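Novice: The following block contains the structure, expressed as structure tokens.
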2 protein chains.
Amino acid sequence: MKKIQQSILLAGMMASGKSTVGKLLAKKLHLPFWDTDQEVEKSRGKSINQIFAKEGEAAFRRYELEAIEACLAKGPAVLALGGGAVCSKAKLKKLSQAGSLILLKAKPANLIKRLQDDQSRPLLKGDLEKKLSKLLAKRESFYQSIPFKVVTDDRSPDELAKEISQRLISEKSALWVGLGKRSYPLYFLKNSAKLLPWILKAHLPSKKLVLVTHRLLDSMYGKNYLKALSKDFEVSKIILPDGEQHKNLATMEKLYTQLVKVGADRETTLIALGGGVLGDMVGFAAATYLRGVPFVQIPSTLLAQVDSSIGGKTGVDLPQGKNLVGAFYQPKLVIMDETLLKTLPKREFVAGLAEVIKYAAIFDGELFQNLQKRMKSILATPGKGMEDIIRRSCEWKAYVVEKDEEERSGLRSLLNFGHSLGHAIESLSSYAKYRHGEAVAIGMIYAAKLSSHRFGFPQKSLEALVNLIKSAGLPVDFPKYSHAQYLNALKQDKKRLSDQINFVYLKKIGQAFTQKTDLSEVLQIL
Amino acid sequence: MKKIQQSILLAGMMASGKSTVGKLLAKKLHLPFWDTDQEVEKSRGKSINQIFAKEGEAAFRRYELEAIEACLAKGPAVLALGGGAVCSKAKLKKLSQAGSLILLKAKPANLIKRLQDDQSRPLLKGDLEKKLSKLLAKRESFYQSIPFKVVTDDRSPDELAKEISQRLISEKSALWVGLGKRSYPLYFLKNSAKLLPWILKAHLPSKKLVLVTHRLLDSMYGKNYLKALSKDFEVSKIILPDGEQHKNLATMEKLYTQLVKVGADRETTLIALGGGVLGDMVGFAAATYLRGVPFVQIPSTLLAQVDSSIGGKTGVDLPQGKNLVGAFYQPKLVIMDETLLKTLPKREFVAGLAEVIKYAAIFDGELFQNLQKRMKSILATPGKGMEDIIRRSCEWKAYVVEKDEEERSGLRSLLNFGHSLGHAIESLSSYAKYRHGEAVAIGMIYAAKLSSHRFGFPQKSLEALVNLIKSAGLPVDFPKYSHAQYLNALKQDKKRLSDQINFVYLKKIGQAFTQKTDLSEVLQIL
């Protein structure tokens, strides 16, 4: 289990369960536990009732803050705070920065039930129901502004401690794409529907969501997400047709029309649940509907998880070519859920592996070895147990995007390894015979061979790459089109530039470079 | 004449005219003139020939730099530099920062003609033609990287001095919209075709341009621009249909297709020559074609000059509403050319005045008085002599855009003064009877009346506003639709929000504020 390095501060009304849950949570996370009310009593040598009676609430709040600070000074811990501890803007800010501030919520009726026989609460003396409701009203706005909320009604302290620890670990293990103000986290989760509402609340001001997905994905996962989200959000759903042939302006127009219809405004967040094509279109809609609304990616294919969902490339095709219209527009966050991959058709999953192999080939010898070792188990159950590999791929993609967001310097173009010939093969076969990843697999083998021929990329490494691609079940044989056909396809792909392309070569496994290369040279070992 | 505060440094080959033109330019701009070759001879007490012969070129270059620095230290001046003075990266950088560095260019044949009998040039001793061409080849890349170039062939020194001084003044008088890395200048020019190539070269790396305009504008101005630009650029032209009814995704698709056809790539700059509708569409194409290409606005209407060309709002309409699809995407520069307005239909011009009056009403009592005084002459010849008024309006628009680029804070919404009812009137009359500015004029009068009614906006100021709007020839009478129709139209306009709108009120002439107002209250004085 990963270690939590920061303190966890539990806030909420009296009797919401802070102490009970806090103790269990502390045990789970191997952290000390402090009840700050008890710490005040210890340090002052008086009960809270006595302090309130003799010195008043203001004095108590002072002692309380001192006690919190003393606890925090001892190092990471779980703290159960007094119910009023967060009820000033200054304190709220301070405590939010001191660690993970979490609100435990319970229905007033449940609180009353738990408090009926408790005489130790000075603020509730008298008509319990009336006092409690007055106190709640006073504290409500402070409680509401804590993004990390946990509803405690109808759940056991054990369940609550488990949920909170899971959430905390997801948060700690999120990978951030660093783009200044437009930075965003990638969350690595299993069965993400459960945690999604909390994550969205933590990152977005939106109350309205529009889930955009395909019919099939909707039937498999849509309901889960809708159910989980509809507790906290007003959620609409839009179904887009599946397939690259629909990635065009006509589909965009329908999508825009649907967005108007469901009443999406500038604060509405679009959620793309689907593969790369859907993500590109929903991202482009987010970039352009009302001149820009927030969006979230939940990529449902391996290819989309390790590649297209990161980096903000959005857009559609024109009849004249792919991705000719679009925008660079970053999501607010991305959910990488390996459990979505288990229903992915095997061939689609394997095609996604081509991009994983690509990262290994151009950047990461260690990942390459890892793939060599584990290919069999990776193929056994799509997605299962490969979070580390997905994460590593995402780290590389995020690294490239951070350095070269709009593909202006050379770095991002390294990601085109295998893609020059790959695109040509896709185009020559009319995008029908090969999946993108399959064409890229063949293109990588060609590029590696050309690297050997022109720059001495070692024969052994070439064989290792071919074997790894084979072991994944990806095609390795070059389709038999004529030299003239390949030349033409390469020209088409880069028709707006010269007769040269920035070809990506391998120096060794884990290291690539680009060089401007005449098309004739590119094809010389065909 | 405006004063040039910076030194002007003339570079170029020997005999390109630096001294002759420099002297005339210095006289025109009331600046001292220095010939740096002569300054070297003076300070060393030897001719250049002697320095070269005895001490070599390196020594001369050292003396030359000292002489330049000595001249610059005395304050703003015109300097004629030696031909080799800019021929190192370090020097080029230094001299570019020291003032306005300008290259005088001439055809080699003309240089040879002028140099034939000159024995004072040590670098040209021997076969003149051969030496000159060798020298040119050596210096070419340095010369080319000076953005401000003047071709001297076939033009008299007087003409050249005049052109350079005009260009310099345009540069100095440009108004910058400050948006960090995305800052851009607004140039205020007359007959801008002539200066445009130079301005584009100064601000853009593009060699390819696509001029997008309407049929009518093309016939009036297109040829001028194309002729001027085609000397330095590869220029294509695309004609878009005129009218708001074409501001949709179908027209965008045609525009994208044309862009592919003319071979526009990521470095190609789009130039929008037209009114607001065209500017919005070309801007959106620039934002989305190949995920973003540079673009330049040359607004041809008063409305576009003072409003829509500044601030980066781009986009198209959907059948469900105006501007529902688009992007915030800033141009690289905007050309405000008052001479384009002289062919603008009078009604269109007057409609544009409504937005000028709006800036005066909400921000600028002085501009308001200025308009009151000068309305008659403003209406006499559209555009003529109103650069100051256009500029002042642009300053306000730029100010608002700088503070609130994406309309997130309240400031930009002040620009909606008169627009709530204006939009309702446009919509109720199916966008047929009233031009946008006309509807806004009526809307402003209504908003001013409501300001009087609810917040004591002075009666006298209300009358002044009504009179100013009348004097411009704008409509003032409220069209007779029912209360229910207005209510419905207001709701439609803001259908994705609540039954309140952020209504813009006047406190006094030159000062506005917004307040959330129930629609029923908005309509209470109808």
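Going by the structure tokens order, chains are called A, B, ..., each with residues numbered from 1, while ligands are numbered from 1 in the order shown.
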Define the interface residues of chain B facing chain A as those within 10 Å, counting only C-alpha atoms, and report them as a short mmCIF file (atom, residue, chain, number, x, y, z; two decimals) with all heavy atoms, in the first residue's frame.
Specialist:
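What follows is the written file out.cif:
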```cif
data_model
loop_
_atom_site.label_atom_id
_atom_site.label_comp_id
_atom_site.auth_asym_id
_atom_site.auth_seq_id
_atom_site.Cartn_x
_atom_site.Cartn_y
_atom_site.Cartn_z
N ASN B 248 -22.07 30.15 -40.96
CA ASN B 248 -22.43 28.85 -40.40
C ASN B 248 -21.38 27.80 -40.71
O ASN B 248 -20.37 28.08 -41.38
CB ASN B 248 -23.80 28.42 -40.93
CG ASN B 248 -23.83 28.43 -42.46
OD1 ASN B 248 -22.81 28.13 -43.10
ND2 ASN B 248 -24.96 28.80 -43.04
N LEU B 249 -21.60 26.61 -40.20
CA LEU B 249 -20.61 25.55 -40.35
C LEU B 249 -20.46 25.10 -41.80
O LEU B 249 -19.39 24.66 -42.21
CB LEU B 249 -20.97 24.36 -39.46
CG LEU B 249 -20.74 24.58 -37.96
CD1 LEU B 249 -21.40 23.48 -37.13
CD2 LEU B 249 -19.25 24.65 -37.64
N ALA B 250 -21.53 25.24 -42.59
CA ALA B 250 -21.44 24.85 -44.00
C ALA B 250 -20.43 25.74 -44.73
O ALA B 250 -19.58 25.25 -45.49
CB ALA B 250 -22.82 24.94 -44.66
N MET B 252 -18.02 27.32 -43.27
CA MET B 252 -16.70 26.96 -42.71
C MET B 252 -16.12 25.76 -43.46
O MET B 252 -14.94 25.75 -43.79
CB MET B 252 -16.83 26.60 -41.23
CG MET B 252 -17.09 27.76 -40.30
SD MET B 252 -15.87 29.10 -40.38
CE MET B 252 -14.39 28.24 -39.88
N GLU B 253 -16.96 24.77 -43.70
CA GLU B 253 -16.45 23.57 -44.38
C GLU B 253 -15.90 23.93 -45.76
O GLU B 253 -14.85 23.45 -46.17
CB GLU B 253 -17.54 22.50 -44.47
CG GLU B 253 -17.06 21.23 -45.15
CD GLU B 253 -17.65 19.95 -44.54
OE1 GLU B 253 -18.75 20.02 -43.98
OE2 GLU B 253 -16.98 18.90 -44.63
N TYR B 256 -12.56 25.67 -45.24
CA TYR B 256 -11.50 24.71 -44.96
C TYR B 256 -11.05 24.01 -46.25
O TYR B 256 -9.87 23.82 -46.49
CB TYR B 256 -11.97 23.62 -43.98
CG TYR B 256 -12.29 24.07 -42.57
CD1 TYR B 256 -13.48 23.70 -41.95
CD2 TYR B 256 -11.39 24.83 -41.84
CE1 TYR B 256 -13.77 24.07 -40.64
CE2 TYR B 256 -11.68 25.22 -40.53
CZ TYR B 256 -12.87 24.83 -39.94
OH TYR B 256 -13.16 25.19 -38.65
N THR B 257 -12.04 23.59 -47.05
CA THR B 257 -11.73 22.87 -48.27
C THR B 257 -10.87 23.72 -49.20
O THR B 257 -9.90 23.26 -49.79
CB THR B 257 -13.05 22.47 -48.98
OG1 THR B 257 -13.83 21.73 -48.05
CG2 THR B 257 -12.78 21.63 -50.20
N VAL B 260 -7.29 23.89 -47.98
CA VAL B 260 -6.52 22.71 -48.37
C VAL B 260 -6.11 22.84 -49.84
O VAL B 260 -4.97 22.60 -50.21
CB VAL B 260 -7.34 21.41 -48.18
CG1 VAL B 260 -6.55 20.20 -48.69
CG2 VAL B 260 -7.71 21.22 -46.72
N LYS B 261 -7.08 23.28 -50.65
CA LYS B 261 -6.87 23.38 -52.09
C LYS B 261 -5.73 24.33 -52.45
O LYS B 261 -4.93 24.04 -53.34
CB LYS B 261 -8.17 23.90 -52.73
CG LYS B 261 -8.52 23.23 -54.04
CD LYS B 261 -9.94 23.62 -54.39
CE LYS B 261 -10.29 23.25 -55.81
NZ LYS B 261 -11.69 23.61 -56.07
N VAL B 262 -5.66 25.48 -51.78
CA VAL B 262 -4.59 26.42 -52.10
C VAL B 262 -3.29 26.06 -51.38
O VAL B 262 -2.30 26.78 -51.48
CB VAL B 262 -4.97 27.89 -51.78
CG1 VAL B 262 -6.21 28.30 -52.55
CG2 VAL B 262 -5.16 28.11 -50.28
N GLY B 263 -3.30 24.93 -50.66
CA GLY B 263 -2.06 24.45 -50.06
C GLY B 263 -1.66 25.19 -48.79
O GLY B 263 -0.48 25.28 -48.46
N ALA B 264 -2.64 25.75 -48.07
CA ALA B 264 -2.31 26.45 -46.82
C ALA B 264 -1.73 25.48 -45.81
O ALA B 264 -2.31 24.42 -45.57
CB ALA B 264 -3.56 27.12 -46.25
N ASP B 265 -0.57 25.81 -45.22
CA ASP B 265 0.01 24.96 -44.19
C ASP B 265 0.05 25.71 -42.85
O ASP B 265 -0.52 26.78 -42.74
CB ASP B 265 1.41 24.47 -44.61
CG ASP B 265 2.38 25.62 -44.85
OD1 ASP B 265 2.19 26.71 -44.26
OD2 ASP B 265 3.33 25.43 -45.63
N ARG B 266 0.70 25.11 -41.87
CA ARG B 266 0.64 25.70 -40.52
C ARG B 266 1.31 27.06 -40.42
O ARG B 266 1.10 27.79 -39.46
CB ARG B 266 1.29 24.75 -39.49
CG ARG B 266 0.35 23.66 -39.04
CD ARG B 266 0.97 22.83 -37.94
NE ARG B 266 0.80 23.45 -36.63
CZ ARG B 266 1.27 22.92 -35.50
NH1 ARG B 266 1.94 21.80 -35.53
NH2 ARG B 266 1.09 23.53 -34.34
N PHE B 284 -12.16 32.13 -36.94
CA PHE B 284 -12.46 30.77 -36.48
C PHE B 284 -11.73 29.74 -37.33
O PHE B 284 -11.22 28.74 -36.81
CB PHE B 284 -13.97 30.53 -36.49
CG PHE B 284 -14.38 29.23 -35.84
CD1 PHE B 284 -13.87 28.86 -34.60
CD2 PHE B 284 -15.26 28.37 -36.46
CE1 PHE B 284 -14.24 27.66 -33.99
CE2 PHE B 284 -15.65 27.18 -35.86
CZ PHE B 284 -15.13 26.82 -34.63
N ALA B 285 -11.65 30.01 -38.64
CA ALA B 285 -10.87 29.12 -39.50
C ALA B 285 -9.42 29.12 -39.06
O ALA B 285 -8.79 28.06 -38.97
CB ALA B 285 -10.99 29.55 -40.96
N ALA B 286 -8.89 30.30 -38.76
CA ALA B 286 -7.50 30.38 -38.31
C ALA B 286 -7.31 29.63 -36.99
O ALA B 286 -6.29 28.97 -36.78
CB ALA B 286 -7.07 31.83 -38.15
N ALA B 287 -8.31 29.69 -36.13
CA ALA B 287 -8.21 29.01 -34.82
C ALA B 287 -8.23 27.51 -34.99
O ALA B 287 -7.69 26.79 -34.14
CB ALA B 287 -9.36 29.44 -33.92
N THR B 288 -8.83 27.00 -36.05
CA THR B 288 -9.11 25.57 -36.12
C THR B 288 -8.48 24.85 -37.31
O THR B 288 -8.37 23.62 -37.28
CB THR B 288 -10.63 25.33 -36.17
OG1 THR B 288 -11.19 26.11 -37.24
CG2 THR B 288 -11.30 25.74 -34.87
N TYR B 289 -8.10 25.57 -38.36
CA TYR B 289 -7.49 24.89 -39.51
C TYR B 289 -6.11 24.40 -39.08
O TYR B 289 -5.28 25.19 -38.57
CB TYR B 289 -7.39 25.85 -40.70
CG TYR B 289 -6.74 25.22 -41.92
CD1 TYR B 289 -7.36 24.18 -42.60
CD2 TYR B 289 -5.50 25.66 -42.38
CE1 TYR B 289 -6.76 23.60 -43.71
CE2 TYR B 289 -4.90 25.10 -43.49
CZ TYR B 289 -5.53 24.06 -44.15
OH TYR B 289 -4.94 23.49 -45.25
N LEU B 290 -5.85 23.12 -39.24
CA LEU B 290 -4.59 22.51 -38.79
C LEU B 290 -4.29 22.84 -37.33
O LEU B 290 -3.14 23.03 -36.95
CB LEU B 290 -3.43 22.94 -39.69
CG LEU B 290 -3.60 22.66 -41.18
CD1 LEU B 290 -2.40 23.16 -41.96
CD2 LEU B 290 -3.82 21.18 -41.44
N ARG B 291 -5.34 22.95 -36.54
CA ARG B 291 -5.26 23.29 -35.11
C ARG B 291 -4.62 24.66 -34.86
O ARG B 291 -4.04 24.89 -33.81
CB ARG B 291 -4.49 22.21 -34.33
CG ARG B 291 -5.16 20.86 -34.39
CD ARG B 291 -4.72 19.97 -33.23
NE ARG B 291 -5.24 18.62 -33.41
CZ ARG B 291 -4.59 17.64 -34.02
NH1 ARG B 291 -3.38 17.85 -34.47
NH2 ARG B 291 -5.14 16.45 -34.14
N GLY B 292 -4.77 25.57 -35.84
CA GLY B 292 -4.34 26.94 -35.56
C GLY B 292 -3.27 27.46 -36.49
O GLY B 292 -2.18 26.93 -36.56
N LYS B 313 -12.78 37.27 -30.38
CA LYS B 313 -13.99 36.46 -30.44
C LYS B 313 -14.19 36.04 -31.89
O LYS B 313 -14.38 36.88 -32.77
CB LYS B 313 -15.20 37.26 -29.97
CG LYS B 313 -15.36 37.32 -28.47
CD LYS B 313 -16.73 37.89 -28.12
CE LYS B 313 -16.94 37.99 -26.63
NZ LYS B 313 -18.27 38.55 -26.32
N THR B 314 -14.17 34.73 -32.13
CA THR B 314 -14.37 34.24 -33.49
C THR B 314 -15.46 33.19 -33.44
O THR B 314 -15.75 32.65 -32.37
CB THR B 314 -13.09 33.58 -34.04
OG1 THR B 314 -12.90 32.33 -33.37
CG2 THR B 314 -11.87 34.46 -33.83
N GLY B 315 -16.07 32.90 -34.58
CA GLY B 315 -17.06 31.82 -34.57
C GLY B 315 -18.16 31.97 -35.59
O GLY B 315 -18.15 32.88 -36.43
N VAL B 316 -19.10 31.05 -35.51
CA VAL B 316 -20.23 31.03 -36.43
C VAL B 316 -21.53 30.81 -35.65
O VAL B 316 -21.50 30.49 -34.46
CB VAL B 316 -20.09 29.92 -37.50
CG1 VAL B 316 -18.92 30.19 -38.42
CG2 VAL B 316 -19.96 28.54 -36.85
N LEU B 318 -25.30 28.91 -35.08
CA LEU B 318 -26.06 27.67 -35.30
C LEU B 318 -27.49 28.09 -35.62
O LEU B 318 -27.89 29.21 -35.32
CB LEU B 318 -26.06 26.80 -34.04
CG LEU B 318 -24.77 26.12 -33.60
CD1 LEU B 318 -25.02 25.30 -32.34
CD2 LEU B 318 -24.21 25.22 -34.71
N PRO B 319 -28.28 27.19 -36.20
CA PRO B 319 -29.69 27.55 -36.39
C PRO B 319 -30.34 27.94 -35.06
O PRO B 319 -31.26 28.74 -35.03
CB PRO B 319 -30.30 26.25 -36.94
CG PRO B 319 -29.17 25.49 -37.53
CD PRO B 319 -27.96 25.87 -36.73
N GLN B 320 -29.84 27.41 -33.95
CA GLN B 320 -30.43 27.68 -32.63
C GLN B 320 -30.02 29.03 -32.05
O GLN B 320 -30.61 29.47 -31.07
CB GLN B 320 -30.02 26.58 -31.63
CG GLN B 320 -30.64 25.23 -31.88
CD GLN B 320 -29.93 24.46 -32.98
OE1 GLN B 320 -28.86 24.86 -33.43
NE2 GLN B 320 -30.54 23.39 -33.45
N GLY B 321 -29.02 29.67 -32.60
CA GLY B 321 -28.64 30.95 -32.03
C GLY B 321 -27.32 31.46 -32.60
O GLY B 321 -26.58 30.70 -33.23
N LYS B 322 -27.05 32.73 -32.35
CA LYS B 322 -25.85 33.35 -32.91
C LYS B 322 -24.60 33.02 -32.09
O LYS B 322 -24.67 32.92 -30.87
CB LYS B 322 -26.04 34.87 -32.98
CG LYS B 322 -27.12 35.26 -34.01
CD LYS B 322 -27.34 36.76 -34.06
CE LYS B 322 -26.25 37.43 -34.86
NZ LYS B 322 -26.60 38.81 -35.25
N ASN B 323 -23.51 32.88 -32.80
CA ASN B 323 -22.19 32.72 -32.16
C ASN B 323 -22.13 31.58 -31.14
O ASN B 323 -21.42 31.69 -30.14
CB ASN B 323 -21.77 34.02 -31.48
CG ASN B 323 -21.59 35.14 -32.49
OD1 ASN B 323 -21.03 34.94 -33.56
ND2 ASN B 323 -22.09 36.31 -32.16
N LEU B 324 -22.86 30.52 -31.37
CA LEU B 324 -22.85 29.43 -30.40
C LEU B 324 -21.61 28.54 -30.55
O LEU B 324 -21.28 27.79 -29.65
CB LEU B 324 -24.13 28.57 -30.52
CG LEU B 324 -25.43 29.27 -30.13
CD1 LEU B 324 -26.61 28.32 -30.23
CD2 LEU B 324 -25.34 29.83 -28.72
N VAL B 325 -20.96 28.63 -31.70
CA VAL B 325 -19.75 27.85 -31.91
C VAL B 325 -18.61 28.80 -32.23
O VAL B 325 -18.77 29.70 -33.06
CB VAL B 325 -19.94 26.85 -33.08
CG1 VAL B 325 -18.63 26.16 -33.44
CG2 VAL B 325 -21.00 25.81 -32.72
N GLY B 326 -17.49 28.64 -31.58
CA GLY B 326 -16.38 29.55 -31.86
C GLY B 326 -15.21 29.33 -30.94
O GLY B 326 -15.11 28.32 -30.26
N ALA B 327 -14.30 30.30 -30.96
CA ALA B 327 -13.11 30.20 -30.12
C ALA B 327 -12.64 31.60 -29.78
O ALA B 327 -12.94 32.56 -30.50
CB ALA B 327 -12.01 29.45 -30.86
N PHE B 328 -11.95 31.73 -28.66
CA PHE B 328 -11.19 32.95 -28.41
C PHE B 328 -9.83 32.75 -29.07
O PHE B 328 -9.08 31.87 -28.69
CB PHE B 328 -11.01 33.18 -26.90
CG PHE B 328 -12.26 33.67 -26.23
CD1 PHE B 328 -13.10 32.79 -25.57
CD2 PHE B 328 -12.60 35.00 -26.28
CE1 PHE B 328 -14.26 33.23 -24.96
CE2 PHE B 328 -13.76 35.47 -25.66
CZ PHE B 328 -14.60 34.58 -25.01
N TYR B 329 -9.55 33.54 -30.08
CA TYR B 329 -8.31 33.35 -30.83
C TYR B 329 -7.86 34.72 -31.34
O TYR B 329 -8.58 35.35 -32.13
CB TYR B 329 -8.55 32.38 -31.99
CG TYR B 329 -7.29 31.86 -32.64
CD1 TYR B 329 -6.50 30.90 -32.02
CD2 TYR B 329 -6.90 32.32 -33.89
CE1 TYR B 329 -5.36 30.41 -32.62
CE2 TYR B 329 -5.74 31.83 -34.50
CZ TYR B 329 -4.97 30.87 -33.86
OH TYR B 329 -3.83 30.39 -34.45
N GLU B 406 -11.52 36.54 -21.74
CA GLU B 406 -12.53 35.53 -22.07
C GLU B 406 -13.88 35.80 -21.41
O GLU B 406 -14.65 34.88 -21.17
CB GLU B 406 -12.01 34.13 -21.71
CG GLU B 406 -10.78 33.79 -22.53
CD GLU B 406 -10.49 32.30 -22.59
OE1 GLU B 406 -11.21 31.53 -21.93
OE2 GLU B 406 -9.57 31.92 -23.32
N LYS B 494 -30.97 34.46 -23.42
CA LYS B 494 -30.17 33.96 -22.29
C LYS B 494 -30.73 32.64 -21.81
O LYS B 494 -30.72 32.33 -20.64
CB LYS B 494 -30.22 34.98 -21.14
CG LYS B 494 -29.67 36.33 -21.50
CD LYS B 494 -28.16 36.32 -21.54
CE LYS B 494 -27.65 37.52 -22.31
NZ LYS B 494 -26.26 37.39 -22.69
N LYS B 495 -31.23 31.85 -22.73
CA LYS B 495 -32.03 30.70 -22.30
C LYS B 495 -31.29 29.72 -21.41
O LYS B 495 -31.91 28.97 -20.69
CB LYS B 495 -32.62 29.99 -23.50
CG LYS B 495 -31.63 29.30 -24.40
CD LYS B 495 -32.36 28.54 -25.48
CE LYS B 495 -31.43 28.14 -26.60
NZ LYS B 495 -30.85 29.24 -27.36
N ARG B 496 -29.98 29.76 -21.47
CA ARG B 496 -29.27 28.78 -20.67
C ARG B 496 -28.98 29.27 -19.25
O ARG B 496 -28.34 28.60 -18.49
CB ARG B 496 -27.99 28.37 -21.36
CG ARG B 496 -28.25 27.40 -22.49
CD ARG B 496 -27.04 27.22 -23.34
NE ARG B 496 -26.48 28.50 -23.72
CZ ARG B 496 -26.94 29.24 -24.70
NH1 ARG B 496 -27.99 28.86 -25.40
NH2 ARG B 496 -26.38 30.39 -24.99
N LEU B 497 -29.43 30.48 -18.93
CA LEU B 497 -29.26 30.93 -17.55
C LEU B 497 -30.62 31.04 -16.87
O LEU B 497 -31.57 30.40 -17.26
CB LEU B 497 -28.51 32.27 -17.53
CG LEU B 497 -27.05 32.15 -18.03
CD1 LEU B 497 -26.42 33.50 -18.21
CD2 LEU B 497 -26.24 31.30 -17.07
#
```
Novice: Would you pick out the contacts of region 385-389 of chain B at 8 Å or less, using only C-alpha atoms, so that residues sharing its chain but fewer than 2 positions from it are not included, and give the list as a list of chain:residue names?
Specialist: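 That gives B:Phe188, B:Glu338, B:Val356, B:Leu367, B:Ile378, B:Gly383, B:Arg391, B:Arg392, B:Ser393.
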Novice: Could you write out that same residue set with N, CA, C and O atoms as a PDB file, in the first residue's frame?
Specialist:
```pdb
ATOM      1  N   PHE B 188      -3.020  52.082 -37.455  1.00  0.00           N
ATOM      2  CA  PHE B 188      -3.961  53.049 -38.007  1.00  0.00           C
ATOM      3  C   PHE B 188      -3.336  53.644 -39.260  1.00  0.00           C
ATOM      4  O   PHE B 188      -2.379  54.412 -39.180  1.00  0.00           O
ATOM      5  N   GLU B 338      -9.009  53.870 -42.307  1.00  0.00           N
ATOM      6  CA  GLU B 338     -10.218  54.683 -42.436  1.00  0.00           C
ATOM      7  C   GLU B 338     -10.606  54.889 -43.891  1.00  0.00           C
ATOM      8  O   GLU B 338     -11.774  55.141 -44.190  1.00  0.00           O
ATOM      9  N   VAL B 356     -19.649  53.260 -31.310  1.00  0.00           N
ATOM     10  CA  VAL B 356     -18.779  54.357 -30.862  1.00  0.00           C
ATOM     11  C   VAL B 356     -19.480  55.141 -29.755  1.00  0.00           C
ATOM     12  O   VAL B 356     -18.892  55.453 -28.710  1.00  0.00           O
ATOM     13  N   LEU B 367     -15.091  61.678 -25.009  1.00  0.00           N
ATOM     14  CA  LEU B 367     -15.440  61.194 -26.344  1.00  0.00           C
ATOM     15  C   LEU B 367     -16.895  61.565 -26.666  1.00  0.00           C
ATOM     16  O   LEU B 367     -17.211  61.943 -27.803  1.00  0.00           O
ATOM     17  N   ILE B 378     -18.454  64.188 -39.132  1.00  0.00           N
ATOM     18  CA  ILE B 378     -18.244  62.734 -39.179  1.00  0.00           C
ATOM     19  C   ILE B 378     -19.142  62.105 -40.234  1.00  0.00           C
ATOM     20  O   ILE B 378     -18.720  61.222 -41.001  1.00  0.00           O
ATOM     21  N   GLY B 383     -15.585  57.956 -42.452  1.00  0.00           N
ATOM     22  CA  GLY B 383     -14.201  57.583 -42.177  1.00  0.00           C
ATOM     23  C   GLY B 383     -13.237  58.750 -42.180  1.00  0.00           C
ATOM     24  O   GLY B 383     -12.287  58.770 -41.420  1.00  0.00           O
ATOM     25  N   ARG B 391      -9.626  55.419 -33.068  1.00  0.00           N
ATOM     26  CA  ARG B 391      -8.551  55.022 -32.172  1.00  0.00           C
ATOM     27  C   ARG B 391      -9.012  55.002 -30.709  1.00  0.00           C
ATOM     28  O   ARG B 391      -8.718  54.065 -29.973  1.00  0.00           O
ATOM     29  N   ARG B 392      -9.730  56.045 -30.332  1.00  0.00           N
ATOM     30  CA  ARG B 392     -10.210  56.115 -28.952  1.00  0.00           C
ATOM     31  C   ARG B 392     -11.141  54.933 -28.640  1.00  0.00           C
ATOM     32  O   ARG B 392     -11.051  54.320 -27.578  1.00  0.00           O
ATOM     33  N   SER B 393     -12.016  54.623 -29.597  1.00  0.00           N
ATOM     34  CA  SER B 393     -12.904  53.472 -29.403  1.00  0.00           C
ATOM     35  C   SER B 393     -12.090  52.188 -29.269  1.00  0.00           C
ATOM     36  O   SER B 393     -12.358  51.351 -28.402  1.00  0.00           O
TER      37      SER B 393
END
```
Novice: If you measure from CA of Leu490 (chain B) to CA of Gly418 (chain B), what distance in Å do you get, rounded to one decimal?
Specialist: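 Taking CA of Leu490 (chain B) and CA of Gly418 (chain B), their separation equals 12.6 Å.
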Novice: Separation of CA of Lys373 (chain A) and CA of Gly473 (chain A), in Å?
Specialist: 14.9 Å
Novice: Fewer than 2 positions away in the same chain doesn't count, so skip those; otherwise give me all residues within 8 Å of Leu415 (chain B), counting only C-alpha atoms, as a list in words.
Specialist: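 Neighbouring residues, sequence-local ones excluded: Lys358, Tyr359, Ile362, Leu411, Arg412, Ser413 and Phe417 of chain B.
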Novice: I need the chosen residues saved as a CSV table (one decimal), in the first residue's frame, with N, CA and C atoms.
Specialist:
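Listing of again-v5.csv after writing:
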```csv
chain,number,residue,atom,x,y,z
B,358,LYS,N,-21.7,54.0,-27.9
B,358,LYS,CA,-21.7,53.1,-26.7
B,358,LYS,C,-20.5,53.3,-25.8
B,359,TYR,N,-19.3,53.3,-26.5
B,359,TYR,CA,-18.1,53.5,-25.7
B,359,TYR,C,-18.1,54.8,-24.9
B,362,ILE,N,-20.6,54.6,-21.9
B,362,ILE,CA,-20.2,53.7,-20.7
B,362,ILE,C,-18.9,54.1,-20.1
B,411,LEU,N,-16.1,43.0,-16.4
B,411,LEU,CA,-15.8,44.2,-17.2
B,411,LEU,C,-16.3,44.1,-18.6
B,412,ARG,N,-15.9,42.9,-19.3
B,412,ARG,CA,-16.3,42.8,-20.7
B,412,ARG,C,-17.8,42.9,-20.9
B,413,SER,N,-18.6,42.6,-19.8
B,413,SER,CA,-20.0,42.6,-20.0
B,413,SER,C,-20.6,44.0,-20.0
B,417,PHE,N,-23.9,47.1,-23.0
B,417,PHE,CA,-24.8,48.2,-22.8
B,417,PHE,C,-25.7,48.3,-24.1
```
